[in-house]
file data.cif (mmCIF, C-alpha atoms)
data_my_file
#
loop_
_atom_site.label_atom_id
_atom_site.label_comp_id
_atom_site.auth_asym_id
_atom_site.auth_seq_id
_atom_site.Cartn_x
_atom_site.Cartn_y
_atom_site.Cartn_z
CA MET A 1 -3.31 -70.09 -12.23
CA ASN A 2 -6.78 -71.23 -13.28
CA LYS A 3 -9.51 -68.67 -12.86
CA ARG A 4 -12.26 -69.45 -10.40
CA GLN A 5 -15.73 -70.00 -11.81
CA MET A 6 -19.12 -69.33 -10.30
CA ARG A 7 -21.06 -72.45 -9.39
CA ARG A 8 -23.12 -73.61 -12.37
CA SER A 9 -26.89 -73.73 -11.91
CA ARG A 10 -28.21 -77.28 -11.87
CA VAL A 11 -31.70 -76.04 -12.78
CA LEU A 12 -30.56 -74.04 -15.79
CA ALA A 13 -28.39 -76.92 -17.03
CA LYS A 14 -31.38 -79.27 -17.00
CA LEU A 15 -33.84 -76.79 -18.50
CA ARG A 16 -31.46 -75.77 -21.27
CA ALA A 17 -30.99 -79.46 -22.08
CA GLY A 18 -34.76 -79.84 -22.51
CA GLN A 19 -35.19 -81.74 -19.26
CA VAL A 20 -37.56 -81.19 -16.33
CA ALA A 21 -36.30 -79.66 -13.08
CA TYR A 22 -38.05 -80.32 -9.77
CA SER A 23 -38.02 -78.19 -6.65
CA PHE A 24 -39.20 -78.68 -3.07
CA LYS A 25 -40.49 -75.75 -1.04
CA LEU A 26 -39.05 -74.91 2.37
CA ASN A 27 -41.09 -72.91 4.88
CA PHE A 28 -39.00 -73.91 7.87
CA ALA A 29 -35.69 -72.15 8.52
CA ASP A 30 -33.68 -75.10 9.82
CA PRO A 31 -30.78 -75.99 7.47
CA ARG A 32 -31.22 -79.65 8.45
CA VAL A 33 -34.55 -79.64 6.63
CA ALA A 34 -32.79 -78.21 3.58
CA GLU A 35 -30.11 -80.89 3.81
CA LEU A 36 -32.72 -83.65 4.09
CA ALA A 37 -34.56 -82.40 1.00
CA ALA A 38 -31.31 -81.99 -0.93
CA GLN A 39 -30.34 -85.57 -0.06
CA ALA A 40 -33.64 -86.74 -1.56
CA GLY A 41 -32.41 -85.64 -4.98
CA PHE A 42 -34.45 -82.55 -5.83
CA ASP A 43 -32.79 -80.17 -8.28
CA CYS A 44 -33.77 -77.10 -6.34
CA LEU A 45 -34.94 -75.98 -2.91
CA TRP A 46 -37.45 -73.10 -2.97
CA THR A 47 -37.03 -70.85 0.03
CA CYS A 48 -39.27 -67.90 0.80
CA LEU A 49 -38.75 -64.47 2.31
CA GLU A 50 -42.15 -63.21 1.16
CA HIS A 51 -44.42 -65.14 3.52
CA THR A 52 -42.20 -66.76 6.16
CA PRO A 53 -40.47 -65.21 9.21
CA ASN A 54 -37.09 -66.48 8.01
CA ASP A 55 -34.10 -64.14 7.88
CA TYR A 56 -30.91 -63.88 5.82
CA SER A 57 -28.94 -65.90 8.36
CA SER A 58 -31.25 -68.90 7.98
CA LEU A 59 -31.28 -68.47 4.21
CA GLN A 60 -27.50 -68.51 4.13
CA SER A 61 -27.41 -71.76 6.10
CA GLN A 62 -29.92 -73.38 3.77
CA ILE A 63 -27.97 -72.33 0.68
CA LEU A 64 -24.81 -73.85 2.13
CA ALA A 65 -26.64 -77.08 2.98
CA ALA A 66 -28.04 -77.33 -0.56
CA LYS A 67 -24.68 -76.67 -2.21
CA CYS A 68 -23.15 -79.62 -0.35
CA TYR A 69 -25.28 -81.81 -2.64
CA ASP A 70 -24.97 -79.63 -5.76
CA VAL A 71 -28.59 -78.54 -5.37
CA ASP A 72 -29.76 -75.07 -6.37
CA THR A 73 -31.53 -72.71 -4.01
CA LEU A 74 -34.33 -70.50 -5.32
CA CYS A 75 -35.37 -67.63 -3.07
CA ARG A 76 -38.72 -65.94 -3.43
CA VAL A 77 -37.86 -62.40 -2.46
CA PRO A 78 -40.05 -59.77 -0.82
CA ARG A 79 -41.09 -56.89 -3.03
CA GLY A 80 -38.81 -53.97 -2.24
CA SER A 81 -35.56 -52.32 -3.28
CA TYR A 82 -32.78 -53.75 -5.40
CA SER A 83 -31.02 -54.88 -2.22
CA ASP A 84 -33.96 -57.16 -1.40
CA TYR A 85 -33.62 -58.75 -4.83
CA ILE A 86 -29.86 -59.18 -5.19
CA ARG A 87 -28.85 -60.13 -1.65
CA PRO A 88 -29.93 -63.80 -2.01
CA LEU A 89 -27.99 -63.94 -5.29
CA GLU A 90 -24.89 -62.60 -3.57
CA MET A 91 -25.35 -65.30 -0.91
CA ASP A 92 -25.11 -67.75 -3.84
CA ALA A 93 -28.75 -68.62 -4.35
CA ALA A 94 -28.98 -69.88 -7.92
CA GLY A 95 -32.14 -67.92 -8.62
CA ILE A 96 -34.72 -65.51 -7.32
CA MET A 97 -38.48 -65.42 -7.81
CA VAL A 98 -40.15 -62.02 -7.77
CA PRO A 99 -43.80 -62.31 -6.70
CA HIS A 100 -46.77 -60.46 -8.15
CA VAL A 101 -45.19 -59.02 -11.28
CA MET A 102 -48.10 -56.86 -12.39
CA CYS A 103 -47.16 -55.28 -15.72
CA LEU A 104 -44.47 -54.81 -18.36
CA GLN A 105 -42.91 -51.82 -16.62
CA ASP A 106 -42.75 -53.75 -13.37
CA ALA A 107 -40.93 -56.58 -15.17
CA ARG A 108 -38.50 -54.15 -16.80
CA GLU A 109 -37.56 -52.72 -13.41
CA VAL A 110 -36.86 -56.18 -12.03
CA VAL A 111 -34.49 -56.93 -14.92
CA ARG A 112 -32.77 -53.58 -14.52
CA MET A 113 -32.10 -54.24 -10.84
CA THR A 114 -31.09 -57.91 -11.07
CA ARG A 115 -29.00 -58.22 -14.24
CA PHE A 116 -25.54 -56.85 -14.91
CA HIS A 117 -24.52 -54.78 -17.95
CA PRO A 118 -25.31 -54.96 -20.82
CA VAL A 119 -28.74 -56.30 -19.80
CA GLY A 120 -29.34 -54.25 -16.65
CA ARG A 121 -27.69 -52.12 -14.02
CA ARG A 122 -27.41 -54.44 -11.05
CA PRO A 123 -24.86 -53.01 -8.57
CA VAL A 124 -21.57 -54.95 -8.58
CA ASP A 125 -19.92 -56.53 -5.55
CA GLY A 126 -17.98 -59.71 -6.18
CA GLY A 127 -16.84 -60.02 -2.58
CA ASN A 128 -19.58 -62.42 -1.54
CA ALA A 129 -20.22 -66.14 -1.83
CA ASP A 130 -21.43 -66.02 -5.42
CA GLY A 131 -18.20 -64.35 -6.56
CA ALA A 132 -16.02 -66.69 -4.47
CA TYR A 133 -15.20 -63.74 -2.19
CA CYS A 134 -13.34 -61.78 -4.88
CA GLY A 135 -11.98 -65.02 -6.35
CA VAL A 136 -13.82 -64.55 -9.66
CA PRO A 137 -12.41 -61.65 -11.72
CA CYS A 138 -14.94 -58.85 -12.09
CA GLU A 139 -15.41 -59.16 -15.85
CA ASP A 140 -15.95 -62.91 -15.54
CA TYR A 141 -18.22 -62.45 -12.53
CA VAL A 142 -20.76 -60.21 -14.28
CA GLU A 143 -20.78 -62.42 -17.40
CA GLN A 144 -21.19 -65.64 -15.45
CA ALA A 145 -23.84 -64.19 -13.14
CA ASN A 146 -25.97 -63.19 -16.11
CA ARG A 147 -25.56 -66.70 -17.56
CA GLU A 148 -25.69 -68.97 -14.49
CA ARG A 149 -28.24 -67.26 -12.27
CA PHE A 150 -31.94 -67.27 -13.07
CA VAL A 151 -34.66 -64.67 -12.53
CA ILE A 152 -38.30 -65.71 -12.34
CA PHE A 153 -41.38 -63.54 -12.75
CA GLN A 154 -44.29 -64.90 -10.75
CA ILE A 155 -47.56 -64.43 -12.63
CA GLU A 156 -50.29 -64.80 -10.02
CA ASP A 157 -52.77 -62.01 -10.78
CA PRO A 158 -55.16 -61.28 -13.67
CA GLU A 159 -53.60 -57.85 -14.33
CA PRO A 160 -50.36 -58.94 -16.06
CA LEU A 161 -52.29 -61.13 -18.50
CA THR A 162 -53.12 -58.04 -20.56
CA GLU A 163 -49.39 -57.56 -21.29
CA LEU A 164 -48.29 -61.17 -20.96
CA GLU A 165 -46.84 -61.44 -24.48
CA GLU A 166 -44.82 -58.25 -23.98
CA ILE A 167 -43.62 -59.43 -20.57
CA ALA A 168 -42.67 -62.83 -21.97
CA ALA A 169 -40.68 -61.25 -24.81
CA LEU A 170 -38.62 -59.12 -22.42
CA PRO A 171 -34.91 -60.05 -22.41
CA GLY A 172 -33.05 -60.58 -19.16
CA TYR A 173 -35.17 -63.07 -17.24
CA ASP A 174 -35.59 -66.83 -17.55
CA MET A 175 -38.99 -68.07 -16.43
CA LEU A 176 -42.66 -67.27 -15.99
CA PHE A 177 -44.00 -69.03 -12.91
CA PHE A 178 -47.77 -69.37 -12.61
CA GLY A 179 -49.12 -69.10 -9.07
CA PRO A 180 -52.59 -70.70 -9.00
CA GLY A 181 -53.26 -69.97 -5.32
CA ASP A 182 -53.15 -66.19 -5.48
CA PHE A 183 -54.65 -66.22 -8.97
CA SER A 184 -57.69 -68.11 -7.70
CA HIS A 185 -57.92 -65.73 -4.75
CA ALA A 186 -57.85 -62.71 -7.08
CA LEU A 187 -60.79 -64.20 -8.99
CA GLY A 188 -62.77 -64.68 -5.78
CA VAL A 189 -62.53 -68.48 -5.91
CA ALA A 190 -59.68 -68.96 -3.44
CA GLY A 191 -58.21 -72.45 -3.47
CA GLN A 192 -60.21 -73.67 -6.47
CA MET A 193 -57.19 -74.70 -8.54
CA GLU A 194 -59.36 -76.51 -11.10
CA HIS A 195 -61.62 -73.53 -11.74
CA PRO A 196 -61.88 -73.03 -15.52
CA GLU A 197 -60.40 -69.51 -15.41
CA VAL A 198 -57.45 -70.69 -13.32
CA VAL A 199 -56.78 -73.60 -15.68
CA LYS A 200 -57.10 -71.30 -18.69
CA ALA A 201 -54.52 -68.89 -17.24
CA CYS A 202 -52.24 -71.77 -16.35
CA GLU A 203 -52.31 -73.05 -19.93
CA ARG A 204 -51.74 -69.58 -21.35
CA VAL A 205 -48.71 -68.81 -19.18
CA ALA A 206 -46.98 -71.99 -20.31
CA ALA A 207 -47.83 -71.42 -23.97
CA VAL A 208 -46.70 -67.79 -24.02
CA ALA A 209 -43.47 -68.55 -22.15
CA ARG A 210 -42.51 -71.25 -24.65
CA GLN A 211 -43.53 -69.06 -27.58
CA HIS A 212 -40.98 -66.47 -26.50
CA GLY A 213 -38.19 -68.89 -25.64
CA LYS A 214 -38.64 -68.72 -21.87
CA PHE A 215 -39.17 -71.53 -19.37
CA ALA A 216 -42.48 -72.10 -17.59
CA GLY A 217 -42.85 -73.13 -13.96
CA THR A 218 -45.64 -73.76 -11.49
CA VAL A 219 -46.62 -75.79 -8.45
CA ALA A 220 -47.59 -79.42 -8.93
CA THR A 221 -48.73 -82.57 -7.20
CA THR A 222 -47.85 -86.13 -8.05
CA LYS A 223 -51.37 -86.44 -9.49
CA ASN A 224 -51.38 -83.44 -11.87
CA ARG A 225 -47.66 -83.46 -12.70
CA GLN A 226 -48.04 -85.10 -16.10
CA SER A 227 -50.83 -82.79 -17.23
CA LEU A 228 -48.62 -79.78 -16.44
CA LEU A 229 -45.70 -81.31 -18.32
CA ASP A 230 -48.05 -81.82 -21.26
CA MET A 231 -48.91 -78.10 -21.13
CA GLY A 232 -45.21 -77.28 -21.53
CA TYR A 233 -44.10 -76.69 -17.95
CA GLN A 234 -40.47 -77.68 -17.32
CA PHE A 235 -40.00 -76.49 -13.74
CA LEU A 236 -42.32 -77.99 -11.14
CA ASN A 237 -42.43 -77.55 -7.39
CA CYS A 238 -43.75 -80.70 -5.77
CA SER A 239 -44.84 -80.41 -2.13
CA SER A 240 -43.21 -78.70 0.85
CA ASP A 241 -41.72 -79.36 4.24
CA VAL A 242 -44.73 -77.93 6.07
CA GLY A 243 -47.15 -79.92 3.92
CA GLY A 244 -45.25 -83.16 4.40
CA LEU A 245 -44.91 -82.78 8.16
CA ARG A 246 -48.57 -81.84 8.56
CA LEU A 247 -49.69 -84.91 6.65
CA TYR A 248 -47.34 -87.15 8.62
CA CYS A 249 -48.57 -85.75 11.96
CA ALA A 250 -52.19 -86.19 10.88
CA GLU A 251 -51.52 -89.78 9.82
CA ILE A 252 -49.98 -90.64 13.18
CA ALA A 253 -52.75 -88.86 15.09
CA ARG A 254 -55.40 -90.85 13.21
CA ALA A 255 -53.56 -94.12 13.74
CA CYS A 256 -53.46 -93.41 17.48
CA GLY A 257 -57.16 -92.53 17.60
CA ILE A 258 -56.44 -88.93 18.63
CA VAL A 259 -58.63 -87.52 15.83
CA ALA A 260 -61.45 -88.96 13.78
CA PRO A 261 -60.22 -90.90 10.72
CA ASN A 262 -62.28 -88.74 8.37
CA GLU A 263 -61.13 -85.35 9.68
CA PRO A 264 -59.94 -83.36 6.64
CA VAL A 265 -56.37 -82.15 6.30
CA THR A 266 -55.90 -79.27 3.88
CA ILE A 267 -52.55 -78.61 2.20
CA TYR A 268 -52.18 -75.43 0.12
#
call {"tool": "encode", "arguments": {"input": "data.cif", "output": "structure tokens"}}
result
Amino acid sequence: MNKRQMRRSRVLAKLRAGQVAYSFKLNFADPRVAELAAQAGFDCLWTCLEHTPNDYSSLQSQILAAKCYDVDTLCRVPRGSYSDYIRPLEMDAAGIMVPHVMCLQDAREVVRMTRFHPVGRRPVDGGNADGAYCGVPCEDYVEQANRERFVIFQIEDPEPLTELEEIAALPGYDMLFFGPGDFSHALGVAGQMEHPEVVKACERVAAVARQHGKFAGTVATTKNRQSLLDMGYQFLNCSSDVGGLRLYCAEIARACGIVAPNEPVTIY
């Protein structure tokens, strides 16, 4: 009988082939929104348990909707215990993003909790969706999980820049993801994504990630996408469900004369 295999990560396959992978951020919990975005052709849907009121039940439904179209799900986890980090992986999310990684020791702890032996000491339970409910033999499960699931460190504060090279060189994770929103906030220039210090940090994260054989990711727009690719970013998140719906509602409201045509709409 053929052994069962874990689902391969679409994002990792593209990145390892030198291609660009695109994600779309989901703030809403409805799996129909996830299905709609997956149908559009994105490689990855970025869900969030850090800032949204979503729960594991809604996350599970979104993962299932994405998998119907062979689309990865990336879950930004809340900072907490190892259970907070590994539960989305066990639900068969293809990757997790850990926000506000602040130093080398912080990064080491994340690897220890999220990677199996010999890289880390993630607790083993193959009886969930990622292990085909005990369908993947244990030895194969831990090897495939280390290979086909990705871990992202979110660099969104000035503090980790002092150890960025050491963090980047750490084995056991896959990507540095620059977060310009919180980084600008930490500098006291919230929302100024083109501030020279924000741009400088953005360029450095990409350069250091590539120098150490890791992937670089960040948020993008259709206007600045090419400049980020030129910096070396391979994983870009372009827009979100909440941003798209807000713009659409504003467009309709303006067309109906409900609001002034020049009323600003801010998406961040």
call {"tool": "resolve_selection", "arguments": {"input": "data.cif", "expression": "the PyMOL selection byres ((chain A and resi 19-25) around 6)", "output": "list in words"}}
result
Val11, Lys14, Leu15, Ala17, Gly18, Leu26, Phe42, Asp43, Cys44, Leu45, Trp46, Gln234, Phe235, Leu236, Asn237, Cys238, Ser239 and Ser240 of chain A
call {"tool": "residues_around", "arguments": {"input": "data.cif", "residues": "A:Ala169", "least_positions_apart": "2", "cutoff": "6 Å", "atoms": "all atoms listed in the file", "output": "VMD selection string"}}
result
chain A and resid 166 to 167 212
call {"tool": "residues_around", "arguments": {"input": "data.cif", "residues": "A:Phe150", "least_positions_apart": "4", "cutoff": "7 Å", "atoms": "only C-alpha atoms", "output": "PyMOL selection string"}}
result
chain A and resi 94-96+173-174
call {"tool": "residues_around", "arguments": {"input": "data.cif", "residues": "A:Arg149", "least_positions_apart": "2", "cutoff": "10 Å", "atoms": "all atoms listed in the file", "output": "PyMOL selection string"}}
result
chain A and resi 6-9+11-12+72+74+89+92-96+114-115+130+144-147+151+173-174
call {"tool": "residues_around", "arguments": {"input": "data.cif", "residues": "A:Cys48", "least_positions_apart": "6", "cutoff": "7 Å", "atoms": "all atoms listed in the file", "output": "PyMOL selection string"}}
result
chain A and resi 27+75-77
call {"tool": "atom_distance", "arguments": {"input": "data.cif", "atom1": "atom CA of A:Gly80", "atom2": "atom CA of A:Pro99"}}
result
10.7 Å
call {"tool": "resolve_selection", "arguments": {"input": "data.cif", "expression": "the PyMOL selection byres ((chain A and resi 108-111) around 12)", "output": "NGL selection string"}}
result
:A and (77 or 79-86 or 96-107 or 112-122 or 146 or 150-154 or 166-174)
call {"tool": "resolve_selection", "arguments": {"input": "data.cif", "expression": "the PyMOL selection byres ((chain A and resi 37-41) around 7)", "output": "short mmCIF file (atom, residue, chain, number, x, y, z; two decimals) with C-alpha atoms, in the frame of the given file"}}
result
data_model
loop_
_atom_site.label_atom_id
_atom_site.label_comp_id
_atom_site.auth_asym_id
_atom_site.auth_seq_id
_atom_site.Cartn_x
_atom_site.Cartn_y
_atom_site.Cartn_z
CA VAL A 33 -34.55 -79.64 6.63
CA ALA A 34 -32.79 -78.21 3.58
CA GLU A 35 -30.11 -80.89 3.81
CA LEU A 36 -32.72 -83.65 4.09
CA PHE A 42 -34.45 -82.55 -5.83
CA ASP A 43 -32.79 -80.17 -8.28
CA ALA A 66 -28.04 -77.33 -0.56
CA TYR A 69 -25.28 -81.81 -2.64
CA VAL A 71 -28.59 -78.54 -5.37
#
call {"tool": "atom_distance", "arguments": {"input": "data.cif", "atom1": "atom CA of A:Thr73", "atom2": "atom CA of A:Thr47"}}
result
7.1 Å
call {"tool": "closest_residue", "arguments": {"input": "data.cif", "among": "A:Glu203, A:Asp70, A:Glu156, A:Glu165", "to": "A:Ser184", "atoms": "all atoms listed in the file"}}
result
A:Glu156
call {"tool": "residues_around", "arguments": {"input": "data.cif", "residues": "stretch 136-140 of chain A", "least_positions_apart": "6", "cutoff": "9 Å", "atoms": "all atoms listed in the file", "output": "number ranges by chain"}}
result
A: 3-6, 124-127, 130
call {"tool": "atom_distance", "arguments": {"input": "data.cif", "atom1": "atom CA of A:Val142", "atom2": "atom CA of A:Phe178"}}
result
28.6 Å
call {"tool": "closest_residue", "arguments": {"input": "data.cif", "among": "A:Gly257, A:Pro158, A:Gly243, A:Gly188", "to": "A:Val205", "atoms": "all atoms listed in the file"}}
result
A:Pro158
call {"tool": "closest_residue", "arguments": {"input": "data.cif", "among": "A:Ala29, A:Arg254, A:Leu164, A:Tyr56", "to": "A:Ala207", "atoms": "only C-alpha atoms"}}
result
A:Leu164
call {"tool": "build_atoms", "arguments": {"input": "data.cif", "residues": "stretch 203-219 of chain A", "atoms": "N, CA and C atoms", "output": "PDB file, in the coordinates of the input"}}
result
ATOM      1  N   GLU A 203     -52.655 -72.610 -18.582  1.00  0.00           N
ATOM      2  CA  GLU A 203     -52.310 -73.050 -19.930  1.00  0.00           C
ATOM      3  C   GLU A 203     -51.690 -71.910 -20.737  1.00  0.00           C
ATOM      4  N   ARG A 204     -52.231 -70.707 -20.558  1.00  0.00           N
ATOM      5  CA  ARG A 204     -51.740 -69.580 -21.350  1.00  0.00           C
ATOM      6  C   ARG A 204     -50.321 -69.185 -20.936  1.00  0.00           C
ATOM      7  N   VAL A 205     -50.049 -69.178 -19.648  1.00  0.00           N
ATOM      8  CA  VAL A 205     -48.710 -68.810 -19.180  1.00  0.00           C
ATOM      9  C   VAL A 205     -47.661 -69.745 -19.776  1.00  0.00           C
ATOM     10  N   ALA A 206     -47.935 -71.030 -19.758  1.00  0.00           N
ATOM     11  CA  ALA A 206     -46.980 -71.990 -20.310  1.00  0.00           C
ATOM     12  C   ALA A 206     -46.800 -71.784 -21.815  1.00  0.00           C
ATOM     13  N   ALA A 207     -47.900 -71.581 -22.514  1.00  0.00           N
ATOM     14  CA  ALA A 207     -47.830 -71.420 -23.970  1.00  0.00           C
ATOM     15  C   ALA A 207     -47.069 -70.166 -24.359  1.00  0.00           C
ATOM     16  N   VAL A 208     -47.346 -69.062 -23.679  1.00  0.00           N
ATOM     17  CA  VAL A 208     -46.700 -67.790 -24.020  1.00  0.00           C
ATOM     18  C   VAL A 208     -45.217 -67.835 -23.654  1.00  0.00           C
ATOM     19  N   ALA A 209     -44.885 -68.438 -22.529  1.00  0.00           N
ATOM     20  CA  ALA A 209     -43.470 -68.550 -22.150  1.00  0.00           C
ATOM     21  C   ALA A 209     -42.696 -69.310 -23.220  1.00  0.00           C
ATOM     22  N   ARG A 210     -43.205 -70.435 -23.642  1.00  0.00           N
ATOM     23  CA  ARG A 210     -42.510 -71.250 -24.650  1.00  0.00           C
ATOM     24  C   ARG A 210     -42.445 -70.528 -25.989  1.00  0.00           C
ATOM     25  N   GLN A 211     -43.502 -69.799 -26.323  1.00  0.00           N
ATOM     26  CA  GLN A 211     -43.530 -69.060 -27.580  1.00  0.00           C
ATOM     27  C   GLN A 211     -42.388 -68.051 -27.659  1.00  0.00           C
ATOM     28  N   HIS A 212     -42.016 -67.498 -26.524  1.00  0.00           N
ATOM     29  CA  HIS A 212     -40.980 -66.470 -26.500  1.00  0.00           C
ATOM     30  C   HIS A 212     -39.640 -66.998 -25.981  1.00  0.00           C
ATOM     31  N   GLY A 213     -39.479 -68.317 -25.985  1.00  0.00           N
ATOM     32  CA  GLY A 213     -38.190 -68.890 -25.640  1.00  0.00           C
ATOM     33  C   GLY A 213     -37.853 -68.851 -24.168  1.00  0.00           C
ATOM     34  N   LYS A 214     -38.858 -68.718 -23.311  1.00  0.00           N
ATOM     35  CA  LYS A 214     -38.640 -68.720 -21.870  1.00  0.00           C
ATOM     36  C   LYS A 214     -39.150 -70.042 -21.285  1.00  0.00           C
ATOM     37  N   PHE A 215     -38.714 -70.332 -20.062  1.00  0.00           N
ATOM     38  CA  PHE A 215     -39.170 -71.530 -19.370  1.00  0.00           C
ATOM     39  C   PHE A 215     -40.449 -71.218 -18.602  1.00  0.00           C
ATOM     40  N   ALA A 216     -41.238 -72.246 -18.334  1.00  0.00           N
ATOM     41  CA  ALA A 216     -42.480 -72.100 -17.590  1.00  0.00           C
ATOM     42  C   ALA A 216     -42.416 -72.969 -16.345  1.00  0.00           C
ATOM     43  N   GLY A 217     -42.844 -72.401 -15.215  1.00  0.00           N
ATOM     44  CA  GLY A 217     -42.850 -73.130 -13.960  1.00  0.00           C
ATOM     45  C   GLY A 217     -44.150 -72.944 -13.217  1.00  0.00           C
ATOM     46  N   THR A 218     -44.452 -73.877 -12.334  1.00  0.00           N
ATOM     47  CA  THR A 218     -45.640 -73.760 -11.490  1.00  0.00           C
ATOM     48  C   THR A 218     -45.545 -74.782 -10.365  1.00  0.00           C
ATOM     49  N   VAL A 219     -46.551 -74.802  -9.520  1.00  0.00           N
ATOM     50  CA  VAL A 219     -46.620 -75.790  -8.450  1.00  0.00           C
ATOM     51  C   VAL A 219     -47.372 -77.018  -8.969  1.00  0.00           C
TER      52      VAL A 219
END
